[in-house]
Amino acid sequence: MFSKIKSVGLMGLESYMVDVEANITQGKFAVDIVGLPDTAVSEARQRILAAINNSGLEMNLASHYVFNLAPADVRKEGSLYDLPMAVAALSATHQLRGNYRDAAFVGELSLSGAVKSVKGVLPMVLAAKAHGLSEVYVPAENCREAAVIDGVRVYGVQTLEQLVKHINDEEPIAPVAHRPFEALQVPDFLPDFKDVKGQYEVKRALEVAAAGGHNVMMIGPPGSGKSMLAKRIPTILPDITVDEALETTKIYSLAGNLSADRPVINYRPFRAPHHSVSPAGLAGGGTIPKPGELSLAHNGVLFLDELPEFSRQSMEVLRQPIENGTITISRASCALTYPCRVMLICAMNPCPCGYYGHPTRKCTCPPGAPARYLSKVSGPLLDRLDIHVEVPPVDYALLADKEEGEPSAVIRERVNRARQIQLKRFAGTNITCNAHMTPSLTRQYCELTPDAAKVLEASFDKLGLSARAYDKILKVARTIADLDGADMIEKRHLLEALQYRSLDRKFWKTEE
Ligand SMILES: Nc1ncnc2c1ncn2[C@@H]1O[C@H](COP(=O)(O)OP(=O)(O)OP(=O)(O)O)[C@@H](O)[C@H]1O
Ligand SMILES: [Mg+2]
């Protein structure tokens, strides 16, 4: 007796269909599974056996069961296929009557027969739909994340017994009601920019960064408000588009970071890993690599507070992905690529005591210590941060002032207007903001007025800019012009952009 059931597999965000076959022959009772890694086989065998027995269903004890998961040459993670294997066994032994040929199944079984949640349900349901299937059976706990997908019926299954009664038309399960994807406005529990007194230049720099998706380095003494400012960045980020939200949600689904109360990520993520994070924690890791902080921040912000405290390896891991917007993790068994288009925000003190370059307090570090501290941030990493901004100490008078600063909502409105211009500009490409322009797009869209061109030419040699810095200045200037509603980059736009590359000369003295 033979049966074939469909399921779905994932390699990173790439999906493929899996055929789960069961072949049952008369003979001594045995269960063999092929197509799974060795370690997973015995566990799956135990779970399937117990789940079927404990669900009031039958395993034929005078039969040899062989399960095959095809394609065999792709490394699969085991527990996902418990449910389709159990369904295949029940189908081959004629315990199922209804029609399920056009359906895919995913889910882990507990010994009791309960269907337990798995990672990656959203990309799997999308894959099933892409392969023309009309129904997908997923663990009930995961069904809300799948509800955003239209055009395929999704059923949330609690137990194997419930699934069998549904297929046999005894007690049908209602399909999950489709919930259209809605991009969320800013979650209202976040702190607001209006709490930040003074710091007008820094706030302006962060507004430019949010509008164009640029990376930022904030440097300043202790207590000047760097962490305070960074925490408020999510409140001024532009609305996330539906496509962006879906992409980010897929990554969270794969990482197992979605829950019943947060089934989709419909706002821009803000990730702030501690400086003790490992390179794998940032990049992604595991035998079959799962997304790391870089990818979890996709389409949002990755905030690294106290940058020099991060290990050298962690900082090096960032370099390529920050530039490419993707990260590839290689293993003996596979190499997976995840997207990671992030706004990288870094904050740091200029030296171990924190007061190097302070207008009134003396730096108490031994000679050479500030330079050593600053050199922990490598030139190439610094060069990848488009906007460098100093966060000076705040005046007492400003702090004591009762008047509130500009609220986030007002800043956000300007940011959204500038982002709309960019979305229109890059329509039809996979680029959504100025920071991600390719060199040829940069040439095409960063047109300078003659005045601005003269300033840039004069500054290039004087400031000793690298080719990358030149590109970044143009992109930041483009964003400043967009905030201004200007078609061409004018002299004042360019001057502001140049100013955001002057800080490294104050602290690091020389460009890369
Ligand atoms: N501009 C400001 N307006 C209002 N309050 C401020 C401002 N700057 C700092 N503060 C107050 O000081 C506290 C400390 O600021 P914050 O932690 O952001 O400093 P920091 O620059 O990150 O310092 P460190 O370098 O020590 O990490 C804030 O929580 C806030 O209460
Ligand atoms: Mg801080």
# chains A, B, ... in the order shown; residues from 1 in each chain; ligands from 1
>>> residues_around(residues="Ala22 (chain A)", least_positions_apart="2", cutoff="6 Å", atoms="only C-alpha atoms", output="PyMOL selection string")
chain A and resi 2-3+66-67+88-89
>>> write_last_selection(atoms="N, CA, C and O atoms", output="compact mmCIF listing (two decimals), in the first residue's frame")
# COMPACT_ATOMS: atom_id res chain seq x y z
N PHE A 2 0.48 2.20 -0.81
CA PHE A 2 1.34 3.35 -1.03
C PHE A 2 0.51 4.64 -0.98
O PHE A 2 -0.63 4.65 -1.42
N SER A 3 1.10 5.69 -0.44
CA SER A 3 0.44 6.99 -0.58
C SER A 3 1.47 8.10 -0.61
O SER A 3 2.60 7.92 -0.14
N VAL A 66 7.63 2.18 5.41
CA VAL A 66 8.79 2.94 4.93
C VAL A 66 8.31 4.33 4.49
O VAL A 66 7.37 4.44 3.69
N PHE A 67 8.93 5.34 5.07
CA PHE A 67 8.61 6.71 4.67
C PHE A 67 9.78 7.26 3.87
O PHE A 67 10.94 7.05 4.23
N ALA A 88 0.36 10.45 5.73
CA ALA A 88 0.68 9.47 4.69
C ALA A 88 0.43 8.05 5.19
O ALA A 88 -0.12 7.21 4.47
N ALA A 89 0.80 7.78 6.45
CA ALA A 89 0.59 6.44 7.01
C ALA A 89 -0.91 6.13 7.10
O ALA A 89 -1.36 5.04 6.73
>>> residues_around(residues="Met437 (chain A)", least_positions_apart="5", cutoff="12 Å", atoms="only C-alpha atoms", output="MDAnalysis selection string")
chainID A and resid 212:214 323:325 422:423 425:426 429:432 442:446 471:472 474:476 478:479
>>> write_last_selection(atoms="N, CA and C atoms", output="compact mmCIF listing (two decimals), in the first residue's frame")
# COMPACT_ATOMS: atom_id res chain seq x y z
N GLY A 212 16.21 58.85 4.18
CA GLY A 212 16.90 58.19 3.07
C GLY A 212 17.42 56.79 3.40
N GLY A 213 17.21 56.32 4.63
CA GLY A 213 17.68 54.99 5.02
C GLY A 213 19.19 54.94 5.23
N HIS A 214 19.79 56.04 5.68
CA HIS A 214 21.24 56.11 5.81
C HIS A 214 21.75 55.59 7.16
N GLU A 323 26.89 46.73 3.28
CA GLU A 323 27.01 47.30 1.94
C GLU A 323 26.09 46.60 0.93
N ASN A 324 26.01 45.25 1.06
CA ASN A 324 25.28 44.49 0.05
C ASN A 324 23.80 44.36 0.32
N GLY A 325 23.40 44.49 1.58
CA GLY A 325 21.99 44.28 1.91
C GLY A 325 21.61 42.81 2.00
N GLN A 422 11.07 59.15 -3.04
CA GLN A 422 12.03 58.08 -3.38
C GLN A 422 11.30 56.85 -3.93
N LEU A 423 10.16 56.51 -3.32
CA LEU A 423 9.41 55.33 -3.79
C LEU A 423 9.00 55.53 -5.24
N ARG A 425 10.54 57.53 -7.37
CA ARG A 425 11.77 57.57 -8.16
C ARG A 425 12.23 56.15 -8.52
N PHE A 426 12.13 55.23 -7.56
CA PHE A 426 12.67 53.89 -7.76
C PHE A 426 11.59 52.87 -8.10
N THR A 429 11.86 49.05 -9.38
CA THR A 429 13.12 48.40 -8.98
C THR A 429 12.89 47.82 -7.58
N ASN A 430 13.90 47.13 -7.06
CA ASN A 430 13.71 46.62 -5.70
C ASN A 430 14.34 47.56 -4.66
N ILE A 431 14.58 48.80 -5.09
CA ILE A 431 15.16 49.79 -4.19
C ILE A 431 14.06 50.70 -3.67
N THR A 432 14.13 51.04 -2.39
CA THR A 432 13.07 51.89 -1.83
C THR A 432 13.59 53.20 -1.27
N THR A 442 23.01 56.34 -8.70
CA THR A 442 23.54 57.54 -8.05
C THR A 442 23.89 58.58 -9.11
N ARG A 443 24.55 58.12 -10.17
CA ARG A 443 24.91 59.05 -11.25
C ARG A 443 23.66 59.63 -11.91
N GLN A 444 22.66 58.76 -12.07
CA GLN A 444 21.45 59.19 -12.76
C GLN A 444 20.63 60.21 -11.95
N TYR A 445 20.52 59.99 -10.68
CA TYR A 445 19.59 60.81 -9.88
C TYR A 445 20.23 61.91 -9.04
N CYS A 446 21.57 61.87 -8.88
CA CYS A 446 22.17 62.89 -8.01
C CYS A 446 22.74 64.02 -8.85
N ASP A 471 30.45 58.81 -2.91
CA ASP A 471 29.14 58.26 -3.24
C ASP A 471 28.12 58.53 -2.14
N LYS A 472 28.59 58.33 -0.92
CA LYS A 472 27.68 58.48 0.22
C LYS A 472 27.26 59.94 0.38
N LEU A 474 26.92 62.09 -1.99
CA LEU A 474 25.90 62.37 -3.01
C LEU A 474 24.53 61.83 -2.60
N LYS A 475 24.52 60.61 -2.04
CA LYS A 475 23.23 60.01 -1.66
C LYS A 475 22.58 60.79 -0.52
N VAL A 476 23.40 61.18 0.48
CA VAL A 476 22.84 61.93 1.60
C VAL A 476 22.34 63.29 1.09
N ARG A 478 21.21 63.90 -1.83
CA ARG A 478 19.96 63.61 -2.54
C ARG A 478 18.78 63.60 -1.55
N THR A 479 19.00 62.96 -0.41
CA THR A 479 17.93 62.88 0.61
C THR A 479 17.61 64.26 1.17
>>> residues_near_ligand(ligand="ligand 1", cutoff="10 Å", atoms="only C-alpha atoms and all ligand atoms", output="CSV table (one decimal) with all heavy atoms, in the first residue's frame")
chain,number,residue,atom,x,y,z
A,193,PHE,N,10.3,61.8,20.5
A,193,PHE,CA,11.4,62.8,20.3
A,193,PHE,C,11.1,64.1,21.1
A,193,PHE,O,12.1,64.9,21.3
A,193,PHE,CB,11.6,63.2,18.8
A,193,PHE,CG,12.7,62.4,18.2
A,193,PHE,CD1,12.5,61.2,17.5
A,193,PHE,CD2,14.0,62.8,18.3
A,193,PHE,CE1,13.5,60.5,17.0
A,193,PHE,CE2,15.1,62.1,17.8
A,193,PHE,CZ,14.8,60.9,17.1
A,194,LYS,N,9.9,64.4,21.4
A,194,LYS,CA,9.6,65.6,22.1
A,194,LYS,C,10.3,65.7,23.5
A,194,LYS,O,10.5,66.8,24.1
A,194,LYS,CB,8.1,65.9,22.3
A,194,LYS,CG,7.4,64.9,23.2
A,194,LYS,CD,5.9,65.4,23.3
A,194,LYS,CE,5.2,64.7,24.4
A,194,LYS,NZ,4.5,63.5,24.1
A,195,ASP,N,10.7,64.5,24.1
A,195,ASP,CA,11.4,64.5,25.3
A,195,ASP,C,12.8,65.0,25.2
A,195,ASP,O,13.5,65.3,26.2
A,195,ASP,CB,11.5,63.1,25.9
A,195,ASP,CG,10.2,62.4,25.9
A,195,ASP,OD1,9.2,63.1,26.0
A,195,ASP,OD2,10.2,61.1,25.8
A,196,VAL,N,13.4,65.0,24.0
A,196,VAL,CA,14.8,65.4,23.8
A,196,VAL,C,15.0,66.9,23.7
A,196,VAL,O,14.4,67.5,22.8
A,196,VAL,CB,15.4,64.7,22.6
A,196,VAL,CG1,16.9,65.0,22.5
A,196,VAL,CG2,15.1,63.2,22.6
A,197,LYS,N,15.7,67.5,24.7
A,197,LYS,CA,15.9,68.9,24.7
A,197,LYS,C,17.1,69.3,23.8
A,197,LYS,O,18.1,68.6,23.9
A,197,LYS,CB,16.1,69.4,26.1
A,197,LYS,CG,15.0,69.0,27.1
A,197,LYS,CD,13.9,70.0,27.0
A,197,LYS,CE,12.6,69.5,27.8
A,197,LYS,NZ,12.8,69.5,29.2
A,198,GLY,N,17.0,70.4,23.1
A,198,GLY,CA,18.2,70.8,22.3
A,198,GLY,C,18.5,69.8,21.3
A,198,GLY,O,17.7,69.1,20.7
A,199,GLN,N,19.9,69.6,21.1
A,199,GLN,CA,20.4,68.6,20.1
A,199,GLN,C,19.8,68.7,18.7
A,199,GLN,O,19.5,67.7,18.1
A,199,GLN,CB,20.2,67.2,20.6
A,199,GLN,CG,20.8,66.9,22.0
A,199,GLN,CD,22.3,67.0,22.0
A,199,GLN,OE1,22.9,67.7,21.2
A,199,GLN,NE2,23.0,66.4,23.0
A,200,TYR,N,19.6,70.0,18.3
A,200,TYR,CA,18.9,70.2,17.0
A,200,TYR,C,19.6,69.6,15.8
A,200,TYR,O,19.1,69.0,15.0
A,200,TYR,CB,18.6,71.7,16.8
A,200,TYR,CG,17.9,72.3,17.9
A,200,TYR,CD1,18.5,73.2,18.8
A,200,TYR,CD2,16.5,72.0,18.1
A,200,TYR,CE1,17.7,73.7,19.9
A,200,TYR,CE2,15.8,72.5,19.2
A,200,TYR,CZ,16.4,73.4,20.0
A,200,TYR,OH,15.7,73.9,21.1
A,202,VAL,N,21.7,67.0,15.8
A,202,VAL,CA,21.6,65.6,15.9
A,202,VAL,C,20.2,65.1,15.4
A,202,VAL,O,20.1,64.2,14.6
A,202,VAL,CB,21.9,65.0,17.3
A,202,VAL,CG1,22.0,63.5,17.2
A,202,VAL,CG2,23.1,65.6,17.9
A,203,LYS,N,19.2,65.8,15.9
A,203,LYS,CA,17.9,65.4,15.5
A,203,LYS,C,17.7,65.6,14.0
A,203,LYS,O,17.1,64.8,13.3
A,203,LYS,CB,16.8,66.3,16.2
A,203,LYS,CG,16.7,65.8,17.7
A,203,LYS,CD,15.4,66.3,18.3
A,203,LYS,CE,15.7,67.4,19.2
A,203,LYS,NZ,14.6,68.0,19.9
A,218,MET,N,26.9,58.1,15.9
A,218,MET,CA,26.8,59.2,16.9
A,218,MET,C,27.9,59.1,17.9
A,218,MET,O,28.1,58.0,18.5
A,218,MET,CB,25.4,59.1,17.7
A,218,MET,CG,24.2,59.5,16.8
A,218,MET,SD,22.7,59.6,17.9
A,218,MET,CE,22.3,57.9,18.0
A,219,ILE,N,28.6,60.2,18.1
A,219,ILE,CA,29.7,60.1,19.0
A,219,ILE,C,29.6,61.3,20.0
A,219,ILE,O,29.3,62.4,19.6
A,219,ILE,CB,31.1,60.1,18.3
A,219,ILE,CG1,32.2,60.0,19.2
A,219,ILE,CG2,31.2,61.3,17.4
A,219,ILE,CD1,33.5,59.5,18.5
A,220,GLY,N,29.8,61.1,21.3
A,220,GLY,CA,29.7,62.1,22.3
A,220,GLY,C,30.0,61.6,23.7
A,220,GLY,O,30.0,60.4,23.9
A,221,PRO,N,30.1,62.6,24.6
A,221,PRO,CA,30.4,62.2,26.0
A,221,PRO,C,29.2,61.5,26.7
A,221,PRO,O,28.1,61.5,26.2
A,221,PRO,CB,30.7,63.6,26.6
A,221,PRO,CG,29.9,64.6,25.8
A,221,PRO,CD,29.9,64.0,24.4
A,222,PRO,N,29.5,60.9,27.9
A,222,PRO,CA,28.4,60.2,28.6
A,222,PRO,C,27.3,61.2,28.9
A,222,PRO,O,27.5,62.3,29.2
A,222,PRO,CB,29.1,59.8,29.9
A,222,PRO,CG,30.6,59.8,29.6
A,222,PRO,CD,30.8,60.8,28.6
A,223,GLY,N,26.1,60.6,28.9
A,223,GLY,CA,24.9,61.4,29.3
A,223,GLY,C,24.4,62.5,28.3
A,223,GLY,O,23.6,63.3,28.7
A,224,SER,N,25.0,62.5,27.1
A,224,SER,CA,24.6,63.5,26.2
A,224,SER,C,23.3,63.2,25.4
A,224,SER,O,22.7,64.0,24.7
A,224,SER,CB,25.7,63.9,25.2
A,224,SER,OG,26.1,62.7,24.5
A,225,GLY,N,22.8,62.0,25.6
A,225,GLY,CA,21.5,61.6,25.0
A,225,GLY,C,21.6,60.7,23.8
A,225,GLY,O,20.6,60.5,23.1
A,226,LYS,N,22.8,60.0,23.6
A,226,LYS,CA,22.9,59.2,22.4
A,226,LYS,C,21.9,58.0,22.4
A,226,LYS,O,21.2,57.8,21.5
A,226,LYS,CB,24.3,58.6,22.3
A,226,LYS,CG,25.4,59.7,22.2
A,226,LYS,CD,26.8,59.1,22.1
A,226,LYS,CE,27.2,58.4,23.3
A,226,LYS,NZ,27.3,59.2,24.5
A,227,SER,N,21.9,57.3,23.6
A,227,SER,CA,21.0,56.1,23.7
A,227,SER,C,19.5,56.6,23.6
A,227,SER,O,18.7,56.0,23.0
A,227,SER,CB,21.2,55.4,24.9
A,227,SER,OG,22.6,55.0,25.0
A,228,MET,N,19.3,57.8,24.3
A,228,MET,CA,18.0,58.3,24.3
A,228,MET,C,17.5,58.6,22.9
A,228,MET,O,16.3,58.3,22.5
A,228,MET,CB,18.0,59.6,25.2
A,228,MET,CG,16.7,60.3,25.4
A,228,MET,SD,17.0,61.9,26.2
A,228,MET,CE,15.3,62.3,26.7
A,229,LEU,N,18.3,59.2,22.1
A,229,LEU,CA,18.0,59.6,20.7
A,229,LEU,C,17.7,58.3,19.9
A,229,LEU,O,16.7,58.2,19.2
A,229,LEU,CB,19.1,60.4,20.1
A,229,LEU,CG,19.1,61.9,20.6
A,229,LEU,CD1,20.6,62.4,20.4
A,229,LEU,CD2,18.2,62.7,19.7
A,230,ALA,N,18.6,57.4,20.0
A,230,ALA,CA,18.5,56.1,19.2
A,230,ALA,C,17.2,55.4,19.5
A,230,ALA,O,16.5,55.0,18.5
A,230,ALA,CB,19.7,55.2,19.5
A,231,LYS,N,16.8,55.3,20.7
A,231,LYS,CA,15.6,54.6,21.1
A,231,LYS,C,14.4,55.2,20.5
A,231,LYS,O,13.3,54.6,20.3
A,231,LYS,CB,15.4,54.6,22.6
A,231,LYS,CG,16.2,53.6,23.3
A,231,LYS,CD,15.8,53.5,24.8
A,231,LYS,CE,17.0,53.0,25.6
A,231,LYS,NZ,17.4,53.8,26.7
A,305,ASP,N,24.9,50.1,20.3
A,305,ASP,CA,25.3,51.1,21.3
A,305,ASP,C,26.7,50.7,21.9
A,305,ASP,O,26.9,49.5,22.0
A,305,ASP,CB,24.2,51.1,22.5
A,305,ASP,CG,24.2,52.4,23.2
A,305,ASP,OD1,25.0,53.3,22.9
A,305,ASP,OD2,23.3,52.6,24.1
A,306,GLU,N,27.5,51.7,22.2
A,306,GLU,CA,28.9,51.5,22.7
A,306,GLU,C,29.6,50.6,21.7
A,306,GLU,O,30.2,49.6,22.0
A,306,GLU,CB,28.9,50.7,24.0
A,306,GLU,CG,27.8,51.2,25.0
A,306,GLU,CD,28.1,52.5,25.6
A,306,GLU,OE1,29.1,53.1,25.3
A,306,GLU,OE2,27.2,53.0,26.4
A,347,ALA,N,26.5,54.1,18.3
A,347,ALA,CA,26.8,55.2,19.2
A,347,ALA,C,28.0,54.9,20.0
A,347,ALA,O,28.3,53.7,20.2
A,347,ALA,CB,25.6,55.4,20.2
A,348,MET,N,28.8,55.9,20.4
A,348,MET,CA,30.0,55.6,21.1
A,348,MET,C,30.5,56.9,21.8
A,348,MET,O,30.2,58.0,21.5
A,348,MET,CB,31.1,55.1,20.2
A,348,MET,CG,31.6,56.0,19.2
A,348,MET,SD,32.8,55.2,18.1
A,348,MET,CE,34.2,55.3,19.1
A,349,ASN,N,31.3,56.7,22.9
A,349,ASN,CA,32.1,57.7,23.5
A,349,ASN,C,33.3,57.9,22.7
A,349,ASN,O,33.8,56.9,22.1
A,349,ASN,CB,32.4,57.4,25.0
A,349,ASN,CG,31.2,57.2,25.8
A,349,ASN,OD1,31.1,56.3,26.6
A,349,ASN,ND2,30.2,58.1,25.7
A,350,PRO,N,34.0,59.1,22.8
A,350,PRO,CA,35.2,59.2,22.0
A,350,PRO,C,36.4,58.6,22.7
A,350,PRO,O,37.5,58.5,22.0
A,350,PRO,CB,35.4,60.7,21.9
A,350,PRO,CG,34.6,61.3,23.0
A,350,PRO,CD,33.5,60.3,23.3
A,353,CYS,N,37.3,57.3,29.1
A,353,CYS,CA,36.6,58.1,30.1
A,353,CYS,C,35.4,58.8,29.6
A,353,CYS,O,34.5,59.2,30.3
A,353,CYS,CB,37.6,59.0,30.8
A,353,CYS,SG,37.8,60.6,30.0
A,354,GLY,N,35.4,59.0,28.3
A,354,GLY,CA,34.2,59.6,27.6
A,354,GLY,C,34.3,61.1,27.3
A,354,GLY,O,33.4,61.6,26.7
A,355,TYR,N,35.4,61.8,27.8
A,355,TYR,CA,35.4,63.2,27.7
A,355,TYR,C,36.4,63.8,26.7
A,355,TYR,O,36.7,65.0,26.7
A,355,TYR,CB,35.6,63.8,29.1
A,355,TYR,CG,34.4,63.5,30.0
A,355,TYR,CD1,34.4,62.5,30.9
A,355,TYR,CD2,33.2,64.2,29.8
A,355,TYR,CE1,33.3,62.2,31.7
A,355,TYR,CE2,32.1,63.9,30.6
A,355,TYR,CZ,32.1,62.9,31.5
A,355,TYR,OH,31.0,62.6,32.3
A,391,VAL,N,27.4,64.3,19.2
A,391,VAL,CA,26.3,64.6,20.2
A,391,VAL,C,26.9,65.4,21.3
A,391,VAL,O,27.5,64.7,22.2
A,391,VAL,CB,25.6,63.3,20.6
A,391,VAL,CG1,24.4,63.7,21.5
A,391,VAL,CG2,25.2,62.5,19.4
A,392,PRO,N,26.9,66.7,21.3
A,392,PRO,CA,27.6,67.5,22.4
A,392,PRO,C,26.8,67.4,23.7
A,392,PRO,O,25.6,67.0,23.7
A,392,PRO,CB,27.6,68.9,21.8
A,392,PRO,CG,26.4,68.9,20.9
A,392,PRO,CD,26.1,67.6,20.4
A,393,PRO,N,27.5,67.8,24.8
A,393,PRO,CA,26.8,67.8,26.1
A,393,PRO,C,25.6,68.8,26.0
A,393,PRO,O,25.7,69.8,25.3
A,393,PRO,CB,27.8,68.2,27.1
A,393,PRO,CG,29.0,68.7,26.3
A,393,PRO,CD,28.9,68.1,24.9
A,394,VAL,N,24.5,68.6,26.7
A,394,VAL,CA,23.4,69.5,26.7
A,394,VAL,C,23.6,70.6,27.7
A,394,VAL,O,24.0,70.3,28.8
A,394,VAL,CB,22.0,68.8,27.0
A,394,VAL,CG1,21.0,69.3,26.1
A,394,VAL,CG2,22.2,67.3,27.0
A,395,ASP,N,23.2,71.8,27.4
A,395,ASP,CA,23.3,72.9,28.3
A,395,ASP,C,22.3,72.8,29.4
A,395,ASP,O,21.2,72.3,29.2
A,395,ASP,CB,22.8,74.2,27.6
A,395,ASP,CG,24.0,74.8,26.8
A,395,ASP,OD1,25.1,74.3,26.9
A,395,ASP,OD2,23.7,75.7,26.0
A,396,TYR,N,22.6,73.3,30.6
A,396,TYR,CA,21.7,73.2,31.7
A,396,TYR,C,20.4,74.0,31.4
A,396,TYR,O,19.3,73.4,31.6
A,396,TYR,CB,22.4,73.8,33.0
A,396,TYR,CG,21.4,73.9,34.1
A,396,TYR,CD1,21.0,72.7,34.8
A,396,TYR,CD2,20.7,75.1,34.4
A,396,TYR,CE1,20.1,72.8,35.8
A,396,TYR,CE2,19.7,75.1,35.4
A,396,TYR,CZ,19.4,74.0,36.1
A,396,TYR,OH,18.4,74.0,37.0
A,398,LEU,N,18.9,74.4,28.7
A,398,LEU,CA,18.0,73.7,27.8
A,398,LEU,C,17.3,72.6,28.5
A,398,LEU,O,16.1,72.4,28.4
A,398,LEU,CB,18.8,73.1,26.6
A,398,LEU,CG,19.0,74.0,25.4
A,398,LEU,CD1,19.9,73.3,24.4
A,398,LEU,CD2,17.7,74.2,24.8
A,399,LEU,N,18.1,71.9,29.4
A,399,LEU,CA,17.5,70.8,30.1
A,399,LEU,C,16.4,71.3,31.1
A,399,LEU,O,15.4,70.6,31.3
A,399,LEU,CB,18.6,70.1,31.0
A,399,LEU,CG,19.4,69.0,30.3
A,399,LEU,CD1,20.4,68.4,31.2
A,399,LEU,CD2,18.6,67.9,29.7
A,400,ALA,N,16.7,72.4,31.7
A,400,ALA,CA,15.7,72.9,32.7
A,400,ALA,C,14.5,73.6,32.0
A,400,ALA,O,13.4,73.7,32.6
A,400,ALA,CB,16.4,74.0,33.6
A,401,ASP,N,14.6,73.8,30.7
A,401,ASP,CA,13.5,74.4,30.0
A,401,ASP,C,12.3,73.5,30.0
A,401,ASP,O,12.4,72.3,29.7
A,401,ASP,CB,14.0,74.7,28.5
A,401,ASP,CG,13.1,75.6,27.8
A,401,ASP,OD1,12.0,75.9,28.3
A,401,ASP,OD2,13.5,76.1,26.7
A,404,GLU,N,8.6,71.6,25.4
A,404,GLU,CA,8.9,70.3,24.8
A,404,GLU,C,9.5,70.5,23.4
A,404,GLU,O,9.3,71.5,22.8
A,404,GLU,CB,7.6,69.5,24.7
A,404,GLU,CG,7.1,68.9,26.0
A,404,GLU,CD,5.9,68.0,25.8
A,404,GLU,OE1,5.2,68.2,24.8
A,404,GLU,OE2,5.7,67.2,26.6
A,405,GLY,N,10.2,69.5,23.0
A,405,GLY,CA,10.8,69.5,21.7
A,405,GLY,C,9.8,69.2,20.6
A,405,GLY,O,8.6,69.0,21.0
>>> atom_distance(atom1="CA of Tyr100 (chain A)", atom2="CA of Val41 (chain A)")
25.2 Å
>>> closest_residue(among="A:Ile149, A:Arg179, A:Ser276, A:Leu307", to="ligand 2", atoms="only C-alpha atoms and all ligand atoms")
A:Leu307
>>> atom_distance(atom1="CA of Ala30 (chain A)", atom2="CA of Tyr16 (chain A)")
29.3 Å
>>> select_by_dssp(residues="region 301-418 of chain A", states="alpha helix (DSSP H)", output="MDAnalysis selection string")
chainID A and resid 312:324 369:374 379:383 396:400 408:418
>>> atom_distance(atom1="CA of Gly300 (chain A)", atom2="CA of Cys433 (chain A)")
12.2 Å
>>> closest_residue(among="A:Pro172, A:Arg262, A:Ala128, A:Cys346", to="ligand 2", atoms="only C-alpha atoms and all ligand atoms")
A:Cys346
>>> closest_residue(among="A:Ala272, A:Ile33, A:Ala497, A:Ile322", to="ligand 2", atoms="only C-alpha atoms and all ligand atoms")
A:Ala272
>>> residues_around(residues="Pro289 (chain A)", least_positions_apart="2", cutoff="10 Å", atoms="only C-alpha atoms", output="VMD selection string")
chain A and resid 11 to 12 255 280 283 to 287 291 to 292 328 to 331 334 to 338
>>> select_by_dssp(residues="region 178-415 of chain A", states="strand (DSSP E)", output="PyMOL selection string")
chain A and resi 216-219+270-271+284-285+290-291+301-305+326-330+335-339+343-348+387-390
>>> closest_residue(among="A:Leu304, A:Leu495, A:Met488, A:Ala72", to="ligand 2", atoms="only C-alpha atoms and all ligand atoms")
A:Leu304
>>> closest_residue(among="A:Ala371, A:Val136, A:Glu496, A:Glu43", to="Gly357 (chain A)", atoms="only C-alpha atoms")
A:Ala371
>>> residues_around(residues="region 156-159 of chain A", least_positions_apart="2", cutoff="7 Å", atoms="only C-alpha atoms", output="PyMOL selection string")
chain A and resi 113-115+137-140+143+154+161-163+176
>>> write_last_selection(atoms="C-alpha atoms", output="mmCIF file, in the first residue's frame")
data_model
loop_
_atom_site.group_PDB
_atom_site.id
_atom_site.type_symbol
_atom_site.label_atom_id
_atom_site.label_comp_id
_atom_site.auth_asym_id
_atom_site.auth_seq_id
_atom_site.Cartn_x
_atom_site.Cartn_y
_atom_site.Cartn_z
ATOM 1 C CA GLY A 113 -1.094 13.601 19.064
ATOM 2 C CA ALA A 114 -1.139 17.380 19.566
ATOM 3 C CA VAL A 115 0.197 19.395 16.618
ATOM 4 C CA TYR A 137 -2.697 22.486 7.039
ATOM 5 C CA VAL A 138 -0.500 24.156 9.644
ATOM 6 C CA PRO A 139 -0.227 24.016 13.442
ATOM 7 C CA ALA A 140 -3.059 26.056 15.013
ATOM 8 C CA CYS A 143 -2.214 29.895 11.607
ATOM 9 C CA VAL A 154 -5.235 27.726 5.526
ATOM 10 C CA GLU A 161 -7.416 13.371 15.630
ATOM 11 C CA GLN A 162 -9.040 16.708 14.754
ATOM 12 C CA LEU A 163 -7.348 16.682 11.350
ATOM 13 C CA VAL A 176 -8.566 30.734 8.843
#
